[in-house]
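Asks: For reference, the file start.txt (compact mmCIF, C-alpha atoms) is included below:
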```
# COMPACT_ATOMS: atom_id res chain seq x y z
CA MET P 1 -17.58 5.52 -3.60
CA LEU P 2 -14.70 7.67 -2.37
CA TRP P 3 -13.51 5.75 0.70
CA MET P 4 -12.88 2.11 1.50
CA SER P 5 -12.18 1.18 5.12
CA PHE P 6 -11.08 -2.04 6.82
CA ALA P 7 -11.14 -2.82 10.51
CA VAL P 8 -7.80 -4.59 10.98
CA ARG P 9 -5.52 -6.32 13.46
CA ALA P 10 -1.82 -5.86 12.79
CA GLY P 11 1.03 -8.10 13.88
CA PHE P 12 3.28 -5.08 14.53
CA SER P 13 3.05 -1.68 16.25
CA TRP P 14 0.49 0.69 14.73
CA PRO P 15 0.65 4.52 14.76
CA ASN P 16 -0.95 6.08 17.86
CA VAL P 17 -2.47 8.98 15.87
CA PRO P 18 -4.03 9.07 12.38
CA VAL P 19 -1.47 9.11 9.57
CA GLU P 20 -1.88 9.79 5.85
CA ILE P 21 0.30 7.80 3.44
CA PRO P 22 0.43 8.17 -0.36
CA PHE P 23 0.01 4.89 -2.21
CA GLU P 24 0.07 4.85 -6.00
CA SER P 25 -2.71 7.28 -7.00
CA SER P 26 -4.51 7.21 -3.64
CA ILE P 27 -4.18 8.26 -0.02
CA VAL P 28 -4.35 5.72 2.80
CA VAL P 29 -5.25 6.77 6.34
CA LEU P 30 -4.22 4.56 9.27
CA SER P 31 -6.22 5.24 12.43
CA PRO P 32 -5.43 3.82 15.88
CA GLN P 33 -7.74 1.72 18.00
CA THR P 34 -9.59 3.47 20.83
CA GLU P 35 -11.92 2.22 23.55
CA GLU P 36 -14.83 2.45 21.09
CA LEU P 37 -13.24 2.34 17.62
CA ALA P 38 -11.43 -0.39 15.73
CA CYS P 39 -7.91 -0.12 14.40
CA THR P 40 -8.63 1.04 10.83
CA ALA P 41 -7.04 1.38 7.40
CA SER P 42 -8.90 3.59 4.90
CA LEU P 43 -8.20 4.30 1.23
CA PHE P 44 -9.33 7.58 -0.42
CA ASP P 45 -9.46 8.34 -4.15
CA PRO P 46 -11.34 11.47 -5.37
CA SER P 47 -11.89 9.74 -8.72
CA GLY P 48 -14.00 7.10 -6.99
CA PHE P 49 -14.13 3.31 -7.32
CA ASP P 50 -16.54 0.43 -6.91
CA PHE P 51 -16.53 -1.72 -3.78
CA ASP P 52 -14.39 -4.59 -5.09
CA GLU P 53 -11.83 -2.27 -6.71
CA GLY P 54 -11.43 -0.19 -3.56
CA ALA P 55 -11.14 -3.23 -1.32
CA THR P 56 -8.56 -4.80 -3.65
CA ARG P 57 -6.43 -1.64 -3.74
CA LEU P 58 -6.53 -1.27 0.04
CA SER P 59 -5.61 -4.93 0.43
CA ARG P 60 -2.62 -4.38 -1.88
CA PHE P 61 -1.49 -1.51 0.33
CA LEU P 62 -1.81 -3.65 3.46
CA SER P 63 0.25 -6.42 1.87
CA CYS P 64 3.01 -3.92 1.03
CA LEU P 65 2.88 -2.54 4.58
CA ALA P 66 2.99 -6.08 6.02
CA TRP P 67 6.04 -6.84 3.85
CA SER P 68 7.74 -3.65 5.06
CA MET P 69 6.98 -4.35 8.73
CA HIS P 70 7.48 -8.13 8.47
CA GLY P 71 4.21 -8.87 10.25
CA GLY P 72 0.75 -10.04 9.28
CA ILE P 73 -2.36 -7.86 8.98
CA GLU P 74 -5.78 -9.42 9.46
CA GLU P 75 -8.83 -7.74 7.89
CA HIS P 76 -12.01 -8.03 9.97
CA PHE P 77 -14.58 -6.31 7.74
CA ALA P 78 -14.87 -3.67 4.99
CA ILE P 79 -17.13 -0.61 4.60
CA GLY P 80 -17.34 1.96 1.78
CA SER P 81 -18.32 5.64 2.06
CA ASN P 82 -18.98 8.67 -0.15
CA ASN P 83 -18.19 11.34 2.45
CA PRO P 84 -15.57 13.55 0.71
CA ASP P 85 -14.08 14.78 3.98
CA LYS P 86 -13.29 11.69 6.07
CA PRO P 87 -13.73 7.92 6.23
CA MET P 88 -16.40 6.19 8.28
CA LEU P 89 -15.73 5.39 11.92
CA LEU P 90 -15.66 1.64 12.51
CA GLY P 91 -16.81 0.25 15.85
CA LYS P 92 -14.47 -1.97 17.82
CA GLY P 93 -16.95 -4.86 18.03
CA THR P 94 -15.95 -8.22 19.49
CA TYR P 95 -13.01 -8.94 17.17
CA ALA P 96 -9.62 -9.87 18.57
CA THR P 97 -7.25 -6.93 18.99
CA SER P 98 -3.51 -6.66 18.51
CA ALA P 99 -1.17 -7.35 21.40
CA TRP P 100 1.26 -4.78 20.00
CA ALA P 101 1.34 -1.28 21.48
CA ASN P 102 0.48 1.81 19.45
CA VAL P 103 3.60 3.92 18.87
CA GLU P 104 4.73 7.34 17.69
CA PRO P 105 4.44 7.40 13.88
CA TRP P 106 7.50 6.29 11.95
CA GLN P 107 10.00 9.01 10.98
CA GLN P 108 10.22 7.42 7.54
CA LEU P 109 8.50 4.44 6.00
CA TYR P 110 9.81 1.95 3.49
CA LEU P 111 6.77 1.27 1.31
CA PRO P 112 7.57 -0.36 -2.04
CA SER P 113 4.92 -0.79 -4.70
CA PRO P 114 4.99 -4.04 -6.74
CA LEU P 115 6.31 -3.51 -10.25
CA THR P 116 4.50 -6.55 -11.71
CA SER P 117 1.31 -8.50 -11.11
CA LYS P 118 3.41 -11.52 -10.14
CA ALA P 119 5.20 -9.54 -7.44
CA ALA P 120 1.87 -8.22 -6.14
CA LEU P 121 0.47 -11.76 -5.92
CA ALA P 122 3.59 -13.03 -4.15
CA ILE P 123 3.41 -10.22 -1.58
CA ALA P 124 -0.28 -10.98 -1.00
CA LEU P 125 0.50 -14.66 -0.41
CA PHE P 126 3.35 -13.72 1.93
CA ARG P 127 1.01 -11.54 4.03
CA GLU P 128 -1.52 -14.37 4.06
CA GLY P 129 1.16 -16.71 5.39
CA MET P 130 2.13 -14.25 8.13
CA THR P 131 -1.51 -13.71 9.12
CA LEU P 132 -3.01 -17.22 9.16
CA ASN P 133 -3.51 -18.90 12.53
CA SER P 134 -2.72 -22.34 11.12
CA GLU P 135 0.81 -23.66 10.59
CA PRO P 136 -0.12 -26.03 7.72
CA LEU P 137 -2.06 -23.38 5.81
CA ALA P 138 0.61 -20.75 6.48
CA PHE P 139 3.23 -23.19 5.15
CA LEU P 140 1.16 -23.64 1.99
CA SER P 141 0.79 -19.88 1.48
CA PHE P 142 4.55 -19.36 1.76
CA PHE P 143 5.25 -22.25 -0.61
CA LYS P 144 2.77 -20.84 -3.16
CA VAL P 145 5.08 -17.83 -3.45
CA LEU P 146 7.49 -20.16 -5.27
CA ASN P 147 4.68 -21.20 -7.59
CA VAL P 148 4.26 -17.55 -8.62
CA ALA P 149 7.83 -17.58 -9.95
CA PHE P 150 8.15 -21.22 -11.10
CA PRO P 151 5.50 -23.32 -12.88
CA ASN P 152 6.07 -26.80 -11.46
CA GLY P 153 7.36 -28.77 -8.52
CA ALA P 154 10.66 -29.73 -10.13
CA ALA P 155 11.57 -26.11 -10.82
CA GLN P 156 10.53 -25.08 -7.31
CA GLN P 157 12.64 -27.81 -5.70
CA ALA P 158 15.63 -26.91 -7.84
CA TRP P 159 15.38 -23.23 -6.94
CA ILE P 160 15.17 -24.03 -3.22
CA ASN P 161 18.28 -26.21 -3.33
CA LYS P 162 20.19 -23.62 -5.36
CA ASN P 163 19.34 -20.75 -3.01
CA LEU P 164 19.68 -22.28 0.45
CA ASN P 165 22.81 -20.16 0.88
CA ALA P 166 20.49 -17.19 1.51
CA ILE P 167 19.45 -18.75 4.85
CA ARG P 168 22.18 -17.65 7.26
CA TYR P 169 20.72 -17.14 10.74
CA GLY P 170 17.83 -17.60 13.15
CA GLN P 171 15.26 -20.37 13.41
CA ALA P 172 15.28 -20.87 9.63
CA PHE P 173 19.02 -21.58 9.62
CA ASP P 174 18.75 -23.89 12.63
CA ARG P 175 15.99 -25.89 10.95
CA LEU P 176 17.89 -26.02 7.65
CA SER P 177 20.99 -27.33 9.42
CA GLU P 178 18.89 -30.04 11.06
CA LEU P 179 17.20 -31.07 7.82
CA GLN P 180 20.51 -31.25 5.96
CA THR P 181 21.61 -33.99 8.33
CA GLN P 182 18.45 -35.97 7.50
CA HIS P 183 17.75 -35.25 3.81
CA GLN P 184 20.09 -34.98 0.84
CA ASN P 185 17.43 -33.05 -1.11
CA VAL P 186 15.90 -30.39 1.15
CA GLY P 187 13.87 -28.92 -1.72
CA LYS P 188 12.22 -32.27 -2.40
CA TYR P 189 11.51 -32.79 1.31
CA LEU P 190 9.80 -29.39 1.63
CA TYR P 191 7.80 -29.99 -1.55
CA VAL P 192 6.66 -33.54 -0.83
CA GLN P 193 6.44 -33.64 2.97
CA GLY P 194 5.27 -30.05 3.20
CA ARG P 195 3.53 -28.54 0.19
CA CYS P 196 1.96 -31.73 -1.22
CA ALA P 197 1.15 -33.23 2.20
CA VAL P 198 -0.80 -30.10 3.15
CA ALA P 199 -2.45 -29.47 -0.23
CA HIS P 200 -3.67 -33.04 -0.91
CA ALA P 201 -5.54 -35.70 1.04
CA TYR P 202 -5.95 -38.57 -1.42
CA SER P 203 -2.50 -40.13 -1.29
CA SER P 204 0.47 -40.41 1.05
CA PRO P 205 2.06 -38.37 2.49
CA VAL P 206 -0.83 -36.44 4.05
CA ALA P 207 -0.50 -33.86 6.81
CA ASP P 208 -3.22 -34.92 9.25
CA PRO P 209 -4.45 -31.88 11.26
CA ASP P 210 -5.05 -34.15 14.27
CA ASN P 211 -1.64 -35.85 14.10
CA TYR P 212 0.54 -33.89 16.49
CA SER P 213 3.82 -35.12 15.00
CA ASP P 214 2.68 -33.76 11.59
CA ARG P 215 1.73 -30.45 13.17
CA ARG P 216 5.01 -30.20 15.10
CA ARG P 217 7.06 -30.98 11.97
CA LEU P 218 5.28 -28.31 9.95
CA ARG P 219 5.65 -25.85 12.82
CA ASP P 220 9.40 -26.53 12.83
CA ASP P 221 9.56 -26.13 9.03
CA LEU P 222 7.54 -22.90 8.98
CA PRO P 223 10.41 -20.43 9.67
CA LEU P 224 12.45 -22.07 6.91
CA ILE P 225 9.80 -21.96 4.19
CA LYS P 226 8.98 -18.38 5.22
CA ALA P 227 12.61 -17.38 4.76
CA ILE P 228 12.74 -19.21 1.42
CA ALA P 229 9.60 -17.41 0.20
CA GLU P 230 11.05 -14.07 1.29
CA SER P 231 14.27 -14.80 -0.58
CA CYS P 232 12.31 -15.77 -3.70
CA ILE P 233 10.34 -12.52 -3.65
CA GLU P 234 13.56 -10.55 -3.32
CA ARG P 235 15.78 -12.48 -5.74
CA GLU P 236 13.30 -13.47 -8.44
CA LEU P 237 10.56 -10.82 -8.29
CA GLY P 238 12.65 -7.73 -7.52
CA PHE P 239 10.93 -6.73 -4.29
CA PRO P 240 13.61 -5.91 -1.65
CA THR P 241 13.09 -6.59 2.03
CA THR P 242 13.28 -3.63 4.40
CA ASP P 243 16.76 -4.65 5.58
CA THR P 244 18.07 -4.96 2.02
CA PHE P 245 16.62 -1.61 1.01
CA LEU P 246 17.90 0.31 4.03
CA VAL P 247 21.42 -1.13 3.72
CA ALA P 248 21.49 -0.22 0.03
CA HIS P 249 20.05 3.21 0.80
CA ARG P 250 22.77 3.88 3.39
CA ASN P 251 25.42 2.76 0.91
CA SER P 252 24.00 5.06 -1.80
CA ARG P 253 23.14 2.25 -4.15
CA LYS P 254 20.56 2.98 -6.82
CA LEU P 255 17.20 1.76 -5.57
CA PRO P 256 13.93 3.64 -6.16
CA ARG P 257 13.95 6.53 -3.65
CA GLU P 258 10.18 6.82 -3.88
CA TYR P 259 10.02 3.63 -1.84
CA LEU P 260 11.23 5.61 1.21
CA VAL P 261 8.37 7.82 2.39
CA PRO P 262 9.41 10.56 4.87
CA ARG P 263 7.19 12.02 7.58
CA LEU P 264 6.12 15.53 6.60
CA SER P 265 4.34 16.95 9.64
CA SER P 266 3.24 16.11 13.15
CA SER P 267 0.10 17.57 14.70
CA ASP P 268 -3.32 16.03 15.16
CA ARG P 269 -2.65 14.10 11.95
CA VAL P 270 0.72 13.02 10.57
CA ARG P 271 1.27 13.11 6.83
CA TYR P 272 3.84 11.36 4.69
CA GLU P 273 4.91 12.55 1.27
CA SER P 274 6.29 10.95 -1.86
CA THR P 275 9.89 11.82 -2.71
```
Any chance you could give the structure as structure tokens?

Replies:
Amino acid sequence: MLWMSFAVRAGFSWPNVPVEIPFESSIVVLSPQTEELACTASLFDPSGFDFDEGATRLSRFLSCLAWSMHGGIEEHFAIGSNNPDKPMLLGKGTYATSAWANVEPWQQLYLPSPLTSKAALAIALFREGMTLNSEPLAFLSFFKVLNVAFPNGAAQQAWINKNLNAIRYGQAFDRLSELQTQHQNVGKYLYVQGRCAVAHAYSSPVADPDNYSDRRRLRDDLPLIKAIAESCIERELGFPTTDTFLVAHRNSRKLPREYLVPRLSSSDRVRYEST
């Protein structure tokens, strides 16, 4: 097939007209939601692909876009097509829609492509964490980012404790400050009371989904583990955040310029081009 399309719900503003974005060897088209049609992401490759390959490549793009925009993207369903001219139109259906408004397409888009399979997996897990409607499962997805870089719990705990200086503001910093008054080893606390308590159910501690104090604790910890996962992706896997990239770009530091995709034209369809 030539096209793969997902009906999606994004946790950030989506373009209000169709846009074409180059991604690796393909073109991705983002189409806005209308009264009848779903918000859609479509991947086109004239060389063709099978269903699973096309869906995987489009998912990789969405994870990179979610990383750039710092918001989750939920995939509702996938459809393939062989029409060489345009993707299929996907009906709106009864799926939940985004609360974010559609906006004028971005003047330029930071869209990095993972350099390694480990970085790609970490970005996928990070998007999963941002998208899930469950604090315990989102916590686990963010913590699994550390497992991409480090093989065991001891190494993960050590890295957390060594890199807490990266948490400097916001809810993550507030929660870290609170935990540091209660626990000498924050990395061990997050691993045992968070990661293990969510992942296992045969021994204590266990995060009981019906225990509200467990849920509230994990909800409070979620911004911190999210920030830690983000820092791990940036520091250990070489995948800069949008803020890091743009600051470096303004200061003329050497980062891959192809990660910054400028808007080429504006008419009935907006196109972006590789630099």

Asks: May I ask which of the residues P:Thr56, P:Ser177, P:Asn165, P:Ser25 is the closest one to Ser5 of chain P, counting only C-alpha atoms?

Replies: P:Thr56

Asks: With distances taken over all atoms listed in the file, which residue among P:Met88, P:Ile73, P:Leu218, P:Ala119 lies nearest Leu137 of chain P?

Replies: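 Of all the options, P:Leu218 lies closest to Leu137 of chain P.
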
Asks: How many Å separate atom CA of Cys39 of chain P from atom CA of Arg9 of chain P?

Replies: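 So the answer is 6.7 Å.
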
Asks: What lies within 12 Å of Ala154 of chain P using all atoms listed in the file, ignoring chain neighbours under 5 positions off, as a ChimeraX atom specification?

Replies: /P:146-147,159-161,185,187-192

Asks: Quick one: of P:Thr244, P:Ser68, P:Ser203, P:Asn16, who's nearest to Pro112 of chain P, counting only C-alpha atoms?

Replies: P:Ser68

Asks: Neighbourhood query: residues within 9 Å of (-3.5, -8.9, 1.4), file coordinates, counting all atoms listed in the file; return as a list of chain:residue names.

Replies: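 In the file's frame, the residues around the point are P:Thr56, P:Leu58, P:Ser59, P:Arg60, P:Phe61, P:Leu62, P:Ser63, P:Cys64, P:Ala66, P:Ile73, P:Glu74, P:Glu75, P:Leu121, P:Ile123, P:Ala124, P:Leu125, P:Phe126, P:Arg127, P:Glu128.
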
Asks: Have a look at atom CA of Leu246 of chain P and atom CA of Tyr110 of chain P and let me know their distance in Å, one decimal.

Replies: 8.3 Å

Asks: For the atom pair atom CA of Trp100 of chain P and atom CA of Ala7 of chain P, what is the interatomic distance in Å to one decimal place?

Replies: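 It comes out at 15.7 Å.
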
Asks: For segment 205-213 of chain P, please output as a list in words all residues within 12 Å (counting all atoms listed in the file; exclusion window: fewer than 5 positions along the same chain).

Replies: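 Selected residues are Ser134, Glu135, Pro136, Leu137, Phe139, Leu140, Tyr189, Leu190, Tyr191, Val192, Gln193, Gly194, Arg195, Cys196, Ala197, Val198, Ala199, His200, Leu218, Arg219 and Asp220 of chain P.
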
Asks: I need the residue nearest Gln33 of chain P from this list: P:Gly71, P:Gly93, P:Pro240, P:Pro84. Use all atoms listed in the file for the distance.

Replies: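 Closest residue, counting all atoms listed in the file: P:Gly93.
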
Asks: Between P:Leu222, P:Phe44, P:Ala96, P:Trp14, single out the one closest to Leu65 of chain P, counting all atoms listed in the file.

Replies: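 Ranking P:Leu222, P:Phe44, P:Ala96, P:Trp14 by distance to Leu65 of chain P, first place goes to P:Trp14.
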
Asks: Could you check the closest approach to Glu230 of chain P for each of P:Thr34, P:Thr40, P:Thr94, P:Thr242 and tell me which residue wins, using only C-alpha atoms?

Replies: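 Ranked by minimum distance to Glu230 of chain P, first place goes to P:Thr242.
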
Asks: Counting all atoms listed in the file, what is within 9 Å of segment 105-107 of chain P, bar same-chain residues fewer than 6 positions away, as an MDAnalysis selection string?

Replies: chainID P and resid 14:19 261:264 266 270

Asks: Every residue with an atom at most 9 Å from (-12.6, 5.4, 1.8) (file coordinates; all atoms listed in the file) is what I'm after, so could you write them as JSON, numbers by chain?

Replies: {"P": [1, 2, 3, 4, 5, 28, 29, 41, 42, 43, 44, 45, 54, 79, 80, 81, 82, 83, 84, 86, 87, 88]}

Asks: Keeping only C-alpha atoms, write those residues as a PDB file, keeping the file's coordinate frame.

Replies:
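Produced file again.pdb, reproduced below:
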```
ATOM      1  CA  MET P   1     -17.580   5.520  -3.600  1.00  0.00           C
ATOM      2  CA  LEU P   2     -14.700   7.670  -2.370  1.00  0.00           C
ATOM      3  CA  TRP P   3     -13.510   5.750   0.700  1.00  0.00           C
ATOM      4  CA  MET P   4     -12.880   2.110   1.500  1.00  0.00           C
ATOM      5  CA  SER P   5     -12.180   1.180   5.120  1.00  0.00           C
ATOM      6  CA  VAL P  28      -4.350   5.720   2.800  1.00  0.00           C
ATOM      7  CA  VAL P  29      -5.250   6.770   6.340  1.00  0.00           C
ATOM      8  CA  ALA P  41      -7.040   1.380   7.400  1.00  0.00           C
ATOM      9  CA  SER P  42      -8.900   3.590   4.900  1.00  0.00           C
ATOM     10  CA  LEU P  43      -8.200   4.300   1.230  1.00  0.00           C
ATOM     11  CA  PHE P  44      -9.330   7.580  -0.420  1.00  0.00           C
ATOM     12  CA  ASP P  45      -9.460   8.340  -4.150  1.00  0.00           C
ATOM     13  CA  GLY P  54     -11.430  -0.190  -3.560  1.00  0.00           C
ATOM     14  CA  ILE P  79     -17.130  -0.610   4.600  1.00  0.00           C
ATOM     15  CA  GLY P  80     -17.340   1.960   1.780  1.00  0.00           C
ATOM     16  CA  SER P  81     -18.320   5.640   2.060  1.00  0.00           C
ATOM     17  CA  ASN P  82     -18.980   8.670  -0.150  1.00  0.00           C
ATOM     18  CA  ASN P  83     -18.190  11.340   2.450  1.00  0.00           C
ATOM     19  CA  PRO P  84     -15.570  13.550   0.710  1.00  0.00           C
ATOM     20  CA  LYS P  86     -13.290  11.690   6.070  1.00  0.00           C
ATOM     21  CA  PRO P  87     -13.730   7.920   6.230  1.00  0.00           C
ATOM     22  CA  MET P  88     -16.400   6.190   8.280  1.00  0.00           C
TER      23      MET P  88
END
```
